[in-house]
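Notes follow the structure.
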Amino acid sequence: MAHSRYARLLGAQLRVAGLTSLQYRADFYTDAVMSVFWLGVNLVPLLIVYDKRPTLADWSFPAALLVIGWFTLLKGVLDGAVNPCLTAIVEHIRKGTLDFILIKPADAQFLISTAKLSPWRAVDVLGGVGVLGFALFRLHRWPTVGQFGAALLLLAAAVGLLYSLWILAVSVAFWVVKLDNLAFLFGSVFDAARWPITVFRGAWRFLFTFVVPLAILTTYPAMALLGTLTLRTGASAIIGAAAFFVFSRLVWSQAIGHYTSASS
Amino acid sequence: MRAFPTLLRVGVAEAVAYRAEFIIWLLTTTMPLVMLALWAEVAREGGPVGGFTAQDFTAYFLASFIVRQLTGCWVAWDLNREIREGLISMRLLKPIHPLAAYAAENLAVLPMRLLLSMPIAIAALWLAGRDHVTHDPLMFAFFAVAVAGAWLLSFSIMAVIGSLAFFIDSTLAVADLWFGLFFILSGYFVPIALFPAWFRELAIALPFRAMLGLPVEMLIGLQTRAGALQGMAIEWAWVLCCWAGAITLFNAGARRYSAYGA
């Protein structure tokens, strides 16, 4: 019963987002152009590295392209579904209008997570899929069904992880109010995910694997497509993502208790 | 002009008041450190890249972190938001040019930003690349001038982009475009010495490199005095153009601005 209600609610939110974005059709062209532009920008350092070297930390050029492909795809998810909500909720907290969401008869986390979506950003997702296709073509190998399935599973884990990171960031906003630049922080940390994790050494590798698990976001799905991901790493990545999800939900429910409206 | 020191004091107080936001902001500027890790690894794995050893890369990206801290501006976003929400009217009423007020706000965060990031950055540069820092005292003087120019240039260009909000809707897309070009052409991702020759020439003639690459190269001794002077000539020419452009565009925009009863 409750599930069908939330499914209908999600449908309604998506419909509103779709209708809103149809009003701003010009944005589609801007977003499409910017998406191609940023893809190009992100490729420049890669092209220069591989202009000087045949491989980097055992990653060939097409293999590293796979990582960029996942990066672009997830960036579409981040900019399309995660960042708009983040900006919206920080604004709600600052102005005190979060009250209107909290008194609605549905889970507040669900409502704010789906409140604002930018479907035009799906261009990035398409761009990511294009890069993945090109990289596989250059590699002259097609993943088996099993590898493909593993990659999709890891993609789901990656999206879940992005979402959990986002909920954590929002929870911080309850304690420290003026955080307009949270979205920027999110974006700039995420930027490091365009490189295979094995490129980094020591403290960086630890940071990007365990603290901000960028490895799970882009490197592991790419390794799954390449068939070099061990079952153990893959499974622990998925379990880790699930644990992160639960943890973020706990922090969120703690944080919401700290909310004192602007007017009260 | 007499109001300027007061505006600076207000800005410093504001930066201290919003400490948490400030630290977040600092964390967003750690990109050079990621590029440092990457390029140092490339050089460690297969020997020097285009004459850059792992230590050269370390010095280069630590210096670029320092220069970024000194020259970061966000006036485009402030202008864009205030023009759209009508808040700019308040500034237009005041007897000081709004761009001067923005400049004061952007300058005022420097003490706090430097206090938080400089000790670590300078210590790291000292430990990792002491031999790489220039030994030429005159070059340090040049460096100060180049950084001042870099700040003015990035402020002016951000002000131009922000003032576009008087005329067009998608100002932030323009800012995005600008940053994309900046990342590539300024030496932020890759020292421009590693680019193919024609691309390097292009980067030197455009304003991007003057905002980051030039002061960095001067600090870590990659520039001769002649090269530095030539670079600074290009830099200050761009500063004059962009500053004049920012003021003209802002004034033209403010004249036709009619939002929210202004």
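Going through the structure tokens in order, the chains are called A, B, and so on, while each chain numbers its residues from 1 and the ligands are numbered from 1 in the order shown.
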Excluding segment 201-218 of chain A and any residue of its chain fewer than 2 positions from it, enumerate the residues within 6 Å of it, using only C-alpha atoms, and give them as number ranges by chain. A: 67, 70-71, 158, 193, 197, 220-221
Take the residues just selected and output them with all heavy atoms as an mmCIF file, in the first residue's frame.
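Saved to out-v6.cif:
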data_model
loop_
_atom_site.group_PDB
_atom_site.id
_atom_site.type_symbol
_atom_site.label_atom_id
_atom_site.label_comp_id
_atom_site.auth_asym_id
_atom_site.auth_seq_id
_atom_site.Cartn_x
_atom_site.Cartn_y
_atom_site.Cartn_z
ATOM 1 N N VAL A 67 36.612 4.660 -18.071
ATOM 2 C CA VAL A 67 36.415 5.371 -16.804
ATOM 3 C C VAL A 67 35.758 6.727 -17.065
ATOM 4 O O VAL A 67 34.818 7.135 -16.379
ATOM 5 C CB VAL A 67 37.753 5.531 -16.049
ATOM 6 C CG1 VAL A 67 37.560 6.322 -14.772
ATOM 7 C CG2 VAL A 67 38.341 4.173 -15.737
ATOM 8 N N TRP A 70 32.019 6.274 -17.709
ATOM 9 C CA TRP A 70 31.230 6.153 -16.477
ATOM 10 C C TRP A 70 31.151 7.484 -15.760
ATOM 11 O O TRP A 70 30.119 7.843 -15.196
ATOM 12 C CB TRP A 70 31.831 5.109 -15.531
ATOM 13 C CG TRP A 70 31.624 3.706 -15.975
ATOM 14 C CD1 TRP A 70 32.586 2.833 -16.347
ATOM 15 C CD2 TRP A 70 30.378 3.008 -16.100
ATOM 16 N NE1 TRP A 70 32.023 1.635 -16.695
ATOM 17 C CE2 TRP A 70 30.680 1.709 -16.546
ATOM 18 C CE3 TRP A 70 29.046 3.348 -15.873
ATOM 19 C CZ2 TRP A 70 29.698 0.749 -16.784
ATOM 20 C CZ3 TRP A 70 28.072 2.395 -16.099
ATOM 21 C CH2 TRP A 70 28.397 1.116 -16.542
ATOM 22 N N PHE A 71 32.264 8.219 -15.793
ATOM 23 C CA PHE A 71 32.298 9.526 -15.136
ATOM 24 C C PHE A 71 31.245 10.452 -15.741
ATOM 25 O O PHE A 71 30.454 11.071 -15.024
ATOM 26 C CB PHE A 71 33.707 10.124 -15.291
ATOM 27 C CG PHE A 71 33.825 11.544 -14.825
ATOM 28 C CD1 PHE A 71 33.942 11.824 -13.476
ATOM 29 C CD2 PHE A 71 33.815 12.586 -15.730
ATOM 30 C CE1 PHE A 71 34.059 13.126 -13.033
ATOM 31 C CE2 PHE A 71 33.928 13.897 -15.303
ATOM 32 C CZ PHE A 71 34.039 14.161 -13.946
ATOM 33 N N ALA A 158 26.706 2.671 -7.581
ATOM 34 C CA ALA A 158 27.315 3.995 -7.700
ATOM 35 C C ALA A 158 26.267 5.090 -7.529
ATOM 36 O O ALA A 158 26.501 6.083 -6.832
ATOM 37 C CB ALA A 158 28.004 4.135 -9.058
ATOM 38 N N ALA A 193 37.111 11.609 -9.939
ATOM 39 C CA ALA A 193 36.665 10.266 -10.309
ATOM 40 C C ALA A 193 36.885 9.966 -11.785
ATOM 41 O O ALA A 193 36.630 8.868 -12.228
ATOM 42 C CB ALA A 193 35.180 10.094 -9.967
ATOM 43 N N ILE A 197 41.433 4.669 -10.322
ATOM 44 C CA ILE A 197 41.880 4.832 -8.945
ATOM 45 C C ILE A 197 43.334 4.412 -8.771
ATOM 46 O O ILE A 197 44.060 4.957 -7.936
ATOM 47 C CB ILE A 197 40.961 4.048 -7.974
ATOM 48 C CG1 ILE A 197 41.263 4.404 -6.527
ATOM 49 C CG2 ILE A 197 41.079 2.553 -8.169
ATOM 50 C CD1 ILE A 197 40.818 5.767 -6.129
ATOM 51 N N TYR A 220 35.547 0.779 -10.615
ATOM 52 C CA TYR A 220 35.072 -0.603 -10.536
ATOM 53 C C TYR A 220 34.123 -0.954 -11.681
ATOM 54 O O TYR A 220 34.267 -2.032 -12.275
ATOM 55 C CB TYR A 220 34.444 -0.884 -9.164
ATOM 56 C CG TYR A 220 35.453 -0.889 -8.023
ATOM 57 C CD1 TYR A 220 35.048 -0.900 -6.702
ATOM 58 C CD2 TYR A 220 36.823 -0.886 -8.295
ATOM 59 C CE1 TYR A 220 35.978 -0.901 -5.665
ATOM 60 C CE2 TYR A 220 37.752 -0.878 -7.267
ATOM 61 C CZ TYR A 220 37.324 -0.889 -5.955
ATOM 62 O OH TYR A 220 38.255 -0.886 -4.941
ATOM 63 N N PRO A 221 33.150 -0.085 -12.026
ATOM 64 C CA PRO A 221 32.314 -0.432 -13.184
ATOM 65 C C PRO A 221 33.142 -0.617 -14.461
ATOM 66 O O PRO A 221 32.891 -1.541 -15.241
ATOM 67 C CB PRO A 221 31.373 0.765 -13.330
ATOM 68 C CG PRO A 221 31.316 1.366 -11.985
ATOM 69 C CD PRO A 221 32.645 1.117 -11.362
#
Quick check for you: according to DSSP on this backbone, which residues of segment 169-261 of chain A are classed as helix (DSSP H, G or I)? Reply as a ChimeraX atom specification. /A:169-175,182-194,197-199,202-211,214-226,231-257
Store the residues picked out above, limited to C-alpha atoms, as a CSV table (one decimal), in the first residue's frame.
chain,number,residue,atom,x,y,z
A,169,ALA,CA,25.9,16.7,2.6
A,170,VAL,CA,22.4,17.9,3.2
A,171,SER,CA,22.5,16.8,6.8
A,172,VAL,CA,25.6,19.0,7.3
A,173,ALA,CA,23.5,21.9,6.1
A,174,PHE,CA,21.2,21.6,9.1
A,175,TRP,CA,24.1,22.4,11.4
A,182,LEU,CA,28.0,22.5,-1.1
A,183,ALA,CA,27.1,21.6,-4.7
A,184,PHE,CA,30.5,23.0,-5.8
A,185,LEU,CA,32.3,20.9,-3.2
A,186,PHE,CA,30.4,17.9,-4.4
A,187,GLY,CA,31.3,18.6,-8.0
A,188,SER,CA,35.0,19.3,-7.3
A,189,VAL,CA,35.5,16.1,-5.3
A,190,PHE,CA,33.7,14.1,-7.9
A,191,ASP,CA,36.0,15.5,-10.6
A,192,ALA,CA,38.8,13.3,-9.4
A,193,ALA,CA,36.7,10.3,-10.3
A,194,ARG,CA,37.5,10.7,-14.0
A,197,ILE,CA,41.9,4.8,-8.9
A,198,THR,CA,45.2,3.0,-9.4
A,199,VAL,CA,46.7,6.2,-10.7
A,202,GLY,CA,49.2,6.3,-0.8
A,203,ALA,CA,47.0,8.7,1.1
A,204,TRP,CA,45.0,9.7,-2.1
A,205,ARG,CA,44.2,6.1,-2.9
A,206,PHE,CA,43.0,5.5,0.7
A,207,LEU,CA,40.9,8.7,0.6
A,208,PHE,CA,39.3,8.0,-2.7
A,209,THR,CA,38.6,4.3,-1.9
A,210,PHE,CA,37.3,4.5,1.7
A,211,VAL,CA,36.5,8.0,2.7
A,214,LEU,CA,35.3,7.4,-5.9
A,215,ALA,CA,36.7,4.0,-6.8
A,216,ILE,CA,33.3,2.4,-6.6
A,217,LEU,CA,31.8,5.2,-8.8
A,218,THR,CA,33.8,4.9,-11.9
A,219,THR,CA,36.9,2.6,-11.7
A,220,TYR,CA,35.1,-0.6,-10.5
A,221,PRO,CA,32.3,-0.4,-13.2
A,222,ALA,CA,35.0,0.1,-15.8
A,223,MET,CA,37.0,-2.9,-14.5
A,224,ALA,CA,33.8,-4.9,-14.6
A,225,LEU,CA,33.5,-4.2,-18.3
A,226,LEU,CA,37.1,-5.1,-18.8
A,231,LEU,CA,34.2,-11.1,-7.4
A,232,ARG,CA,35.5,-10.2,-3.9
A,233,THR,CA,36.2,-6.5,-4.8
A,234,GLY,CA,32.8,-6.2,-6.6
A,235,ALA,CA,30.8,-7.8,-3.8
A,236,SER,CA,32.5,-5.7,-1.1
A,237,ALA,CA,31.9,-2.5,-3.2
A,238,ILE,CA,28.2,-3.3,-3.3
A,239,ILE,CA,28.0,-4.1,0.4
A,240,GLY,CA,30.0,-1.0,1.2
A,241,ALA,CA,27.6,1.1,-0.9
A,242,ALA,CA,24.6,-0.5,0.9
A,243,ALA,CA,26.2,0.2,4.3
A,244,PHE,CA,26.8,3.8,3.3
A,245,PHE,CA,23.2,4.1,2.3
A,246,VAL,CA,22.0,2.9,5.7
A,247,PHE,CA,24.5,5.2,7.5
A,248,SER,CA,23.4,8.3,5.6
A,249,ARG,CA,19.8,7.5,6.4
A,250,LEU,CA,20.7,7.4,10.1
A,251,VAL,CA,22.6,10.6,9.9
A,252,TRP,CA,19.7,12.2,8.1
A,253,SER,CA,17.2,11.3,10.8
A,254,GLN,CA,19.5,12.7,13.4
A,255,ALA,CA,20.0,15.9,11.5
A,256,ILE,CA,16.3,16.5,10.9
A,257,GLY,CA,15.9,16.5,14.6
Counting only C-alpha atoms, which of B:Val49, B:Ala54, B:Ala252, B:Ala43 gets nearest to Leu164 of chain B? B:Ala252
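Computed from the coordinates, the atom CA of Tyr163 of chain A to atom CA of Phe37 of chain A distance equals 25.6 Å.
Of the listed residues B:Ile24, B:Ile204, B:Ala124, B:Ala146, the one whose atoms come nearest to chain A is B:Ile24, with distances taken using only C-alpha atoms.
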Between B:Ala237, B:Ala3, B:Leu194, B:Val10, single out the one closest to chain A, counting only C-alpha atoms. B:Leu194
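With atom CA of Asp169 of chain B on one side and atom CA of Ala32 of chain A on the other, the separation reads 16.6 Å.
Checking A:Cys85, A:Ala156, A:Leu132, A:Ile68 one by one against Trp38 of chain A, counting only C-alpha atoms, you find the shortest gap at A:Ile68.
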